[in-house]
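**Student:** Handing you this structure, nothing more for now.
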Amino acid sequence: MLAVATTTLTVLRGTTTDAYGDEQDTDTPVATGVIASLTEQSRRVTTRDDPTPRIVRYAVARVVAGTDVTDQDRVRDERTGAIYIVDAVSSMANPAVAADLRLDLRRTT
């Protein structure tokens with residue numbers, strides 16, 4: 001991993017249907033102890049419709065290239081217990097070394 005690790009993650013995947021037919025996430029671990037660099041940041045945003053500034057918080061994680069994680073998976077920070085939804089997975093092309101995967105996260109708990 002090229003980034004400096006700050007925590008470990010558990011990758012959660014899967015859904016089930018409850019008694020009412022609604023889809024619910026399951027906490028089935030796909031991988032545990034995944035070394036990651038996790039940072040939370042905030043940004044002040046405005047829109048044309050509403051010029052009032054709002055503070056939006058978001059998180060970004062970097063994990064080792066080849067880690068089994070996909071969009072809409074959930075990850076649990078093993079240090080804090082916080083759970084995030086993976087909005088996007090991307091990686092920069094590098095001919096010399098396998099670059100870390102970047103996970104764009106949205107906190108759920």
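Lettering and numbering for the structure tokens are positional, with chains as A, B, ... in the shown order, residues counted from 1 in each chain, and ligands counted from 1 in the shown order.
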For stretch 93-104 of chain A, list every protein, DNA or RNA residue within 8 Å, evaluated using only C-alpha atoms, and leave out those in the same chain fewer than 2 positions away; present the list as a PyMOL selection string.
**Tutor:** chain A and resi 1-3+58-67+86-91+106
**Student:** Please list as a ChimeraX atom specification every residue within 6 Å of A:Arg74, counting only C-alpha atoms and excluding residues in the same chain fewer than 6 positions away.
**Tutor:** /A:11-12,84-86
**Student:** Restricting it to C-alpha atoms, dump the selection as a PDB file, in the first residue's frame.
**Tutor:**
```pdb
ATOM      1  CA  VAL A  11     -15.912  -5.230   3.867  1.00  0.00           C
ATOM      2  CA  LEU A  12     -19.635  -6.079   4.184  1.00  0.00           C
ATOM      3  CA  TYR A  84     -19.755   3.643   5.334  1.00  0.00           C
ATOM      4  CA  ILE A  85     -21.374   2.899   1.965  1.00  0.00           C
ATOM      5  CA  VAL A  86     -18.949   2.671  -0.950  1.00  0.00           C
TER       6      VAL A  86
END
```
